[in-house]
Amino acid sequence: MFEASVYVTLKKGILDPEGKAVKNSLSSMGYDQVEEVKTGRFFLLKLKAQDRATAEEELRQICEKLLVNVVLEDYTFELREVDR
Amino acid sequence: MRFGVVFFPGANAADCYYVIDQVIGHPVSPIQPDERELVGFDCIILPGGFSYGDYLRAGALAGATPVAEQIADFAEQGGLVLGIGNGFQILLNTGLLPGAMRRNENLRFRCHDVFLRVENSKTPFTNRYKQGEVIKYPIAHGEGNYYIDAEGLAQLEHNGQVVFRYCNEEGELVAAANPDGSVGNIAGICNVKGNVLGLMPHPERCSEEILGNTCGLRLFLSVLDWWGIHTQEGVMAHE
């Protein structure tokens with residue numbers, strides 16, 4: 001059994017209005033030290049796979065077919081072997 | 001010639017169904033998301049709304065249903081596919097149309113009438129409009145900020161795939177007329193073959209006189225015209 005942490009972020013150059021809105025709120029709260037906020041998405045998956053390479057390949061497909069909009073977003077993942 | 005309207009949970013499918021069934025009086029059937037066989041349809045409509053609660057991304061989960069796969073095959077074979085609002089987002093997620101939707105630039109859900117300029121009146125969906133005509137449709141979306149990279153945009157324009165753009169009443173493509181920040185004021189695009197159209201504004205919500213606007217009816221009547229079907233008197237949109 002594997003556990004995967006998937007991080008999805010906007011590609012470089014894609015506007016992030018949510019991040020900008022959060023940054024503005026932080027500024028108005030007095031946190032002027034914050035220069036930039038980027039929003040993203042986090043998934044935690046548990047998946048069955050024979051071995052690490054298979055898990056990685058399947059995870060890549062899952063990301064590109066559903067979890068990630070590859071037009072706008074990049075992703076990275078960390079894969080760990082876990083007990084049930 | 002038969003229409004099909006996909007009833008995803010959370011979508012406003014009944015509006016499209018009503019226009020075809022009651023306003024125009026043409027054969028139409030509901031299609032369920034788990035449908036694995038599409039037989040006897042000529043034009044399939046993916047309606048607006050919030051399919052699957054817009055979880056993950058707008059249109060992402062609807063794009064991963066069995067019927068979405070069937071619709072991709074149907075489009076490949078030349079069948080007409082119309083995606084309105086959320087339906088457009090689904091078509092982008094399935095790759096039937098290029099590009100992607102971002103949150104509206106000002107982060108507001110925009111719900112009001114807009115003016116559109118018809119950029120391509122030769123598609124099966126727009127032949128009842130004049131090239132360059134300015135029409136009024138309502139919008140209602142929070143995630144309609146169309147994005148495509150510069151190269152993709154050049155291709156869309158070169159191929160005549162830009163079908164509708166947001167404009168002012170005079171038909172000028174000004175930034176103030178762009179409700180969501182879409183690249184090139186784009187409100188609707190088609191695929192290269194022209195048989196798949198996606199647009200954010202809602203023609204089905206301006207297809208009946210009681211609603212004060214019948215601009216949208218001509219989009220549906222265009223489809224019938226394209227099939228060479230004369231519509232009965234009494235449903236002709238005011239020109």
# chains A, B, ... in the order shown; residues from 1 in each chain; ligands from 1
$ select_by_dssp --residues "range 170-235 of chain B" --states "strand (DSSP E or B)" --output "NGL selection string"
:B and (186-190 or 196-199 or 208 or 213)
$ write_last_selection --atoms "N, CA and C atoms" --output "compact mmCIF listing (two decimals), in the first residue's frame"
# COMPACT_ATOMS: atom_id res chain seq x y z
N ILE B 186 -13.09 36.45 -25.25
CA ILE B 186 -13.74 35.25 -25.80
C ILE B 186 -14.88 34.76 -24.89
N ALA B 187 -16.05 34.58 -25.52
CA ALA B 187 -17.22 34.08 -24.78
C ALA B 187 -17.61 32.68 -25.27
N GLY B 188 -17.17 32.32 -26.49
CA GLY B 188 -17.53 31.01 -27.02
C GLY B 188 -16.61 30.61 -28.16
N ILE B 189 -16.26 29.33 -28.20
CA ILE B 189 -15.38 28.82 -29.26
C ILE B 189 -15.93 27.50 -29.80
N CYS B 190 -15.50 27.13 -30.99
CA CYS B 190 -15.84 25.81 -31.53
C CYS B 190 -14.55 25.05 -31.84
N VAL B 196 -18.51 21.15 -32.54
CA VAL B 196 -18.56 21.25 -31.09
C VAL B 196 -18.43 22.73 -30.71
N LEU B 197 -19.45 23.24 -30.01
CA LEU B 197 -19.45 24.64 -29.59
C LEU B 197 -19.56 24.71 -28.07
N GLY B 198 -18.74 25.56 -27.48
CA GLY B 198 -18.86 25.84 -26.05
C GLY B 198 -18.97 27.34 -25.86
N LEU B 199 -19.90 27.75 -24.99
CA LEU B 199 -20.03 29.19 -24.69
C LEU B 199 -20.46 29.37 -23.24
N GLU B 208 -37.45 32.93 -25.08
CA GLU B 208 -38.90 33.00 -25.00
C GLU B 208 -39.31 34.43 -24.70
N ASN B 213 -36.48 38.46 -24.00
CA ASN B 213 -35.37 38.40 -24.95
C ASN B 213 -35.41 37.05 -25.65
$ interface_residues --of "chain B" --to "chain A" --cutoff "12 Å" --atoms "only C-alpha atoms" --output "PyMOL selection string"
chain B and resi 55-65+89-90+92-95+97-108+143+145-149+152+180-183
$ write_last_selection --atoms "N, CA and C atoms" --output "short mmCIF file (atom, residue, chain, number, x, y, z; two decimals), in the first residue's frame"
data_model
loop_
_atom_site.label_atom_id
_atom_site.label_comp_id
_atom_site.auth_asym_id
_atom_site.auth_seq_id
_atom_site.Cartn_x
_atom_site.Cartn_y
_atom_site.Cartn_z
N TYR B 55 -17.20 20.35 -7.64
CA TYR B 55 -16.09 19.85 -6.83
C TYR B 55 -14.88 19.62 -7.71
N LEU B 56 -13.71 19.73 -7.12
CA LEU B 56 -12.42 19.59 -7.79
C LEU B 56 -12.14 20.80 -8.67
N ARG B 57 -12.78 20.90 -9.83
CA ARG B 57 -12.77 22.10 -10.68
C ARG B 57 -14.09 22.07 -11.42
N ALA B 58 -14.56 23.24 -11.85
CA ALA B 58 -15.83 23.29 -12.57
C ALA B 58 -15.77 22.36 -13.79
N GLY B 59 -16.69 21.40 -13.83
CA GLY B 59 -16.78 20.51 -14.98
C GLY B 59 -15.84 19.31 -14.96
N ALA B 60 -14.95 19.24 -13.97
CA ALA B 60 -13.94 18.16 -13.97
C ALA B 60 -14.56 16.78 -13.75
N LEU B 61 -15.47 16.67 -12.78
CA LEU B 61 -16.03 15.35 -12.48
C LEU B 61 -17.02 14.91 -13.55
N ALA B 62 -17.78 15.86 -14.10
CA ALA B 62 -18.69 15.51 -15.20
C ALA B 62 -17.89 15.03 -16.41
N GLY B 63 -16.71 15.61 -16.58
CA GLY B 63 -15.86 15.21 -17.71
C GLY B 63 -15.27 13.83 -17.56
N ALA B 64 -15.39 13.24 -16.36
CA ALA B 64 -14.84 11.91 -16.12
C ALA B 64 -15.93 10.84 -16.03
N THR B 65 -17.15 11.16 -16.47
CA THR B 65 -18.25 10.19 -16.42
C THR B 65 -18.26 9.31 -17.69
N GLN B 89 -17.32 24.31 -19.71
CA GLN B 89 -16.22 23.91 -18.83
C GLN B 89 -15.95 22.41 -18.94
N ILE B 90 -17.01 21.63 -19.10
CA ILE B 90 -16.86 20.17 -19.26
C ILE B 90 -16.11 19.87 -20.56
N LEU B 92 -13.99 21.69 -22.09
CA LEU B 92 -12.57 22.04 -21.92
C LEU B 92 -11.85 20.96 -21.12
N ASN B 93 -12.52 20.46 -20.08
CA ASN B 93 -11.90 19.43 -19.25
C ASN B 93 -11.69 18.12 -20.00
N THR B 94 -12.59 17.82 -20.93
CA THR B 94 -12.45 16.57 -21.68
C THR B 94 -11.52 16.76 -22.88
N GLY B 95 -11.12 17.99 -23.16
CA GLY B 95 -10.22 18.23 -24.28
C GLY B 95 -10.91 18.32 -25.62
N LEU B 97 -12.55 20.80 -26.55
CA LEU B 97 -12.22 22.17 -26.95
C LEU B 97 -10.93 22.56 -26.23
N PRO B 98 -10.12 23.42 -26.87
CA PRO B 98 -8.83 23.77 -26.26
C PRO B 98 -8.95 24.89 -25.23
N GLY B 99 -7.98 24.94 -24.30
CA GLY B 99 -7.94 26.01 -23.31
C GLY B 99 -8.46 25.54 -21.97
N ALA B 100 -8.68 26.50 -21.08
CA ALA B 100 -9.15 26.19 -19.73
C ALA B 100 -9.84 27.41 -19.13
N MET B 101 -10.63 27.16 -18.07
CA MET B 101 -11.30 28.26 -17.38
C MET B 101 -10.62 28.54 -16.05
N ARG B 102 -10.45 29.85 -15.78
CA ARG B 102 -9.96 30.28 -14.48
C ARG B 102 -11.11 30.97 -13.74
N ARG B 103 -10.92 31.20 -12.45
CA ARG B 103 -11.88 32.01 -11.70
C ARG B 103 -11.98 33.36 -12.38
N ASN B 104 -13.17 33.98 -12.31
CA ASN B 104 -13.32 35.33 -12.86
C ASN B 104 -12.24 36.24 -12.27
N GLU B 105 -11.74 37.12 -13.11
CA GLU B 105 -10.60 37.95 -12.73
C GLU B 105 -10.86 38.72 -11.43
N ASN B 106 -12.10 39.25 -11.30
CA ASN B 106 -12.40 40.05 -10.10
C ASN B 106 -12.97 39.19 -8.97
N LEU B 107 -12.93 37.88 -9.14
CA LEU B 107 -13.40 36.89 -8.15
C LEU B 107 -14.89 36.96 -7.85
N ARG B 108 -15.64 37.76 -8.63
CA ARG B 108 -17.08 37.85 -8.38
C ARG B 108 -17.84 36.92 -9.31
N GLU B 143 -16.60 31.12 -12.85
CA GLU B 143 -15.38 30.52 -13.39
C GLU B 143 -15.48 30.51 -14.92
N ASN B 145 -13.39 32.69 -16.93
CA ASN B 145 -12.24 33.48 -17.37
C ASN B 145 -11.39 32.61 -18.29
N TYR B 146 -11.74 32.65 -19.57
CA TYR B 146 -11.14 31.73 -20.54
C TYR B 146 -9.65 31.99 -20.72
N TYR B 147 -8.88 30.93 -20.68
CA TYR B 147 -7.44 31.03 -20.88
C TYR B 147 -6.96 30.11 -21.99
N ILE B 148 -6.11 30.66 -22.85
CA ILE B 148 -5.37 29.83 -23.79
C ILE B 148 -4.08 30.58 -24.07
N ASP B 149 -2.99 29.86 -24.33
CA ASP B 149 -1.72 30.57 -24.54
C ASP B 149 -1.74 31.28 -25.90
N GLY B 152 -2.02 29.19 -29.00
CA GLY B 152 -3.35 28.60 -29.12
C GLY B 152 -4.38 29.62 -29.58
N ASP B 180 -15.33 38.76 -17.22
CA ASP B 180 -14.60 37.79 -16.41
C ASP B 180 -13.09 37.76 -16.64
N GLY B 181 -12.63 38.58 -17.59
CA GLY B 181 -11.19 38.61 -17.85
C GLY B 181 -10.73 37.67 -18.95
N SER B 182 -11.66 37.07 -19.67
CA SER B 182 -11.31 36.09 -20.71
C SER B 182 -10.32 36.66 -21.72
N VAL B 183 -9.37 35.85 -22.11
CA VAL B 183 -8.41 36.18 -23.17
C VAL B 183 -9.18 36.59 -24.43
#
$ select_by_dssp --residues "chain A" --states "helix (DSSP H, G or I)" --output "list in words"
Pro17, Glu18, Gly19, Lys20, Ala21, Val22, Lys23, Asn24, Ser25, Leu26, Ser27, Ser28, Arg52, Ala53, Thr54, Ala55, Glu56, Glu57, Glu58, Leu59, Arg60, Gln61, Ile62, Cys63, Glu64, Lys65, Leu66 and Leu67 of chain A
$ residues_around --residues "Cys63 in chain A" --least-positions-apart "4" --cutoff "12 Å" --atoms "only C-alpha atoms" --output "NGL selection string"
(:A and (4-8 or 41-45 or 56-59 or 67-70 or 73-77)) or (:B and (56))
$ residues_around --residues "Cys111 in chain B" --least-positions-apart "3" --cutoff "8 Å" --atoms "only C-alpha atoms" --output "ChimeraX atom specification"
/B:138-141
$ atom_distance --atom1 "CA of Cys206 in chain B" --atom2 "CA of Val19 in chain B"
9.6 Å
$ residues_around --residues "Glu172 in chain B" --least-positions-apart "3" --cutoff "12 Å" --atoms "only C-alpha atoms" --output "VMD selection string"
chain B and resid 115 to 118 132 to 134 165 to 169 175 to 178 185
$ write_last_selection --atoms "C-alpha atoms" --output "PDB file, in the first residue's frame"
ATOM      1  CA  PHE B 115     -23.526  41.873 -25.384  1.00  0.00           C
ATOM      2  CA  LEU B 116     -21.867  39.412 -27.717  1.00  0.00           C
ATOM      3  CA  ARG B 117     -20.476  39.850 -31.182  1.00  0.00           C
ATOM      4  CA  VAL B 118     -21.034  36.903 -33.499  1.00  0.00           C
ATOM      5  CA  GLY B 132     -20.605  40.608 -36.764  1.00  0.00           C
ATOM      6  CA  GLU B 133     -24.116  40.922 -35.334  1.00  0.00           C
ATOM      7  CA  VAL B 134     -24.391  42.150 -31.747  1.00  0.00           C
ATOM      8  CA  ARG B 165     -16.769  37.663 -28.062  1.00  0.00           C
ATOM      9  CA  TYR B 166     -17.924  39.959 -25.268  1.00  0.00           C
ATOM     10  CA  CYS B 167     -18.475  43.478 -26.598  1.00  0.00           C
ATOM     11  CA  ASN B 168     -20.331  46.675 -25.765  1.00  0.00           C
ATOM     12  CA  GLU B 169     -23.681  47.598 -27.315  1.00  0.00           C
ATOM     13  CA  ALA B 175     -12.116  45.661 -21.680  1.00  0.00           C
ATOM     14  CA  ALA B 176     -15.113  47.111 -19.810  1.00  0.00           C
ATOM     15  CA  ALA B 177     -17.399  44.722 -21.715  1.00  0.00           C
ATOM     16  CA  ASN B 178     -15.369  41.699 -20.630  1.00  0.00           C
ATOM     17  CA  ASN B 185     -12.902  38.841 -24.816  1.00  0.00           C
TER      18      ASN B 185
END
$ residues_around --residues "Pro124 in chain B" --least-positions-apart "3" --cutoff "7 Å" --atoms "only C-alpha atoms" --output "VMD selection string"
chain B and resid 127 195 222 to 223 226
$ write_last_selection --atoms "C-alpha atoms" --output "PDB file, in the first residue's frame"
ATOM      1  CA  ASN B 127     -26.190  30.303 -39.060  1.00  0.00           C
ATOM      2  CA  ASN B 195     -19.404  20.581 -34.741  1.00  0.00           C
ATOM      3  CA  SER B 222     -29.722  27.356 -36.319  1.00  0.00           C
ATOM      4  CA  VAL B 223     -29.196  23.690 -35.490  1.00  0.00           C
ATOM      5  CA  TRP B 226     -28.402  23.184 -40.436  1.00  0.00           C
TER       6      TRP B 226
END
$ decode --residues "chain A" --atoms "C-alpha atoms" --output "compact mmCIF listing (two decimals), in the first residue's frame"
# COMPACT_ATOMS: atom_id res chain seq x y z
CA MET A 1 0.00 0.00 0.00
CA PHE A 2 1.24 3.45 -0.88
CA GLU A 3 0.29 6.88 0.32
CA ALA A 4 0.74 9.82 -1.99
CA SER A 5 0.73 13.54 -1.25
CA VAL A 6 -0.14 15.44 -4.41
CA TYR A 7 0.47 19.19 -4.62
CA VAL A 8 -1.18 21.13 -7.44
CA THR A 9 -0.13 24.70 -8.18
CA LEU A 10 -0.79 27.19 -10.94
CA LYS A 11 1.79 27.30 -13.69
CA LYS A 12 4.19 30.20 -13.77
CA GLY A 13 2.62 33.20 -15.46
CA ILE A 14 -0.99 32.16 -14.78
CA LEU A 15 -2.82 34.81 -12.78
CA ASP A 16 -3.84 33.73 -9.30
CA PRO A 17 -6.64 36.11 -8.26
CA GLU A 18 -7.36 34.09 -5.10
CA GLY A 19 -3.75 34.33 -4.02
CA LYS A 20 -3.83 38.04 -4.72
CA ALA A 21 -7.01 38.49 -2.66
CA VAL A 22 -5.47 36.60 0.28
CA LYS A 23 -2.32 38.71 0.00
CA ASN A 24 -4.41 41.89 0.08
CA SER A 25 -6.27 40.69 3.18
CA LEU A 26 -2.99 39.90 4.91
CA SER A 27 -1.74 43.39 4.04
CA SER A 28 -4.85 44.98 5.50
CA MET A 29 -4.33 42.91 8.67
CA GLY A 30 -0.90 44.46 8.98
CA TYR A 31 1.20 41.60 7.63
CA ASP A 32 3.12 43.79 5.24
CA GLN A 33 6.04 41.38 5.23
CA VAL A 34 4.06 39.00 2.99
CA GLU A 35 5.11 39.77 -0.56
CA GLU A 36 3.28 37.05 -2.42
CA VAL A 37 0.63 34.37 -1.85
CA LYS A 38 0.03 31.49 -4.24
CA THR A 39 -2.94 29.20 -3.81
CA GLY A 40 -3.01 25.54 -4.75
CA ARG A 41 -4.59 22.24 -3.93
CA PHE A 42 -3.51 19.25 -1.88
CA PHE A 43 -4.61 15.62 -2.21
CA LEU A 44 -3.79 12.65 -0.02
CA LEU A 45 -4.32 9.32 -1.78
CA LYS A 46 -3.95 5.76 -0.61
CA LEU A 47 -3.43 3.33 -3.43
CA LYS A 48 -2.65 -0.32 -3.93
CA ALA A 49 0.20 -1.13 -6.28
CA GLN A 50 2.65 -4.01 -6.79
CA ASP A 51 5.67 -1.77 -6.53
CA ARG A 52 6.82 1.80 -6.40
CA ALA A 53 7.31 2.23 -10.15
CA THR A 54 3.76 1.04 -10.87
CA ALA A 55 2.35 3.34 -8.21
CA GLU A 56 4.22 6.29 -9.67
CA GLU A 57 3.03 5.60 -13.18
CA GLU A 58 -0.59 5.17 -12.10
CA LEU A 59 -0.44 8.28 -9.98
CA ARG A 60 0.89 10.28 -12.91
CA GLN A 61 -2.09 9.12 -15.01
CA ILE A 62 -4.53 9.96 -12.21
CA CYS A 63 -3.07 13.44 -11.92
CA GLU A 64 -3.11 14.20 -15.62
CA LYS A 65 -6.52 12.69 -16.32
CA LEU A 66 -8.43 14.18 -13.42
CA LEU A 67 -6.73 15.85 -10.48
CA VAL A 68 -4.79 18.41 -12.50
CA ASN A 69 -5.79 20.73 -15.31
CA VAL A 70 -2.56 20.47 -17.26
CA VAL A 71 -3.37 23.61 -19.25
CA LEU A 72 -3.13 25.78 -16.14
CA GLU A 73 -1.55 23.71 -13.39
CA ASP A 74 1.67 21.93 -12.44
CA TYR A 75 1.89 19.13 -9.91
CA THR A 76 4.36 17.26 -7.78
CA PHE A 77 3.86 14.26 -5.55
CA GLU A 78 5.56 12.39 -2.76
CA LEU A 79 5.04 8.66 -2.55
CA ARG A 80 5.49 6.64 0.67
CA GLU A 81 5.07 2.96 1.32
CA VAL A 82 2.68 2.47 4.25
CA ASP A 83 1.00 -0.32 6.18
CA ARG A 84 -2.72 -0.46 5.74
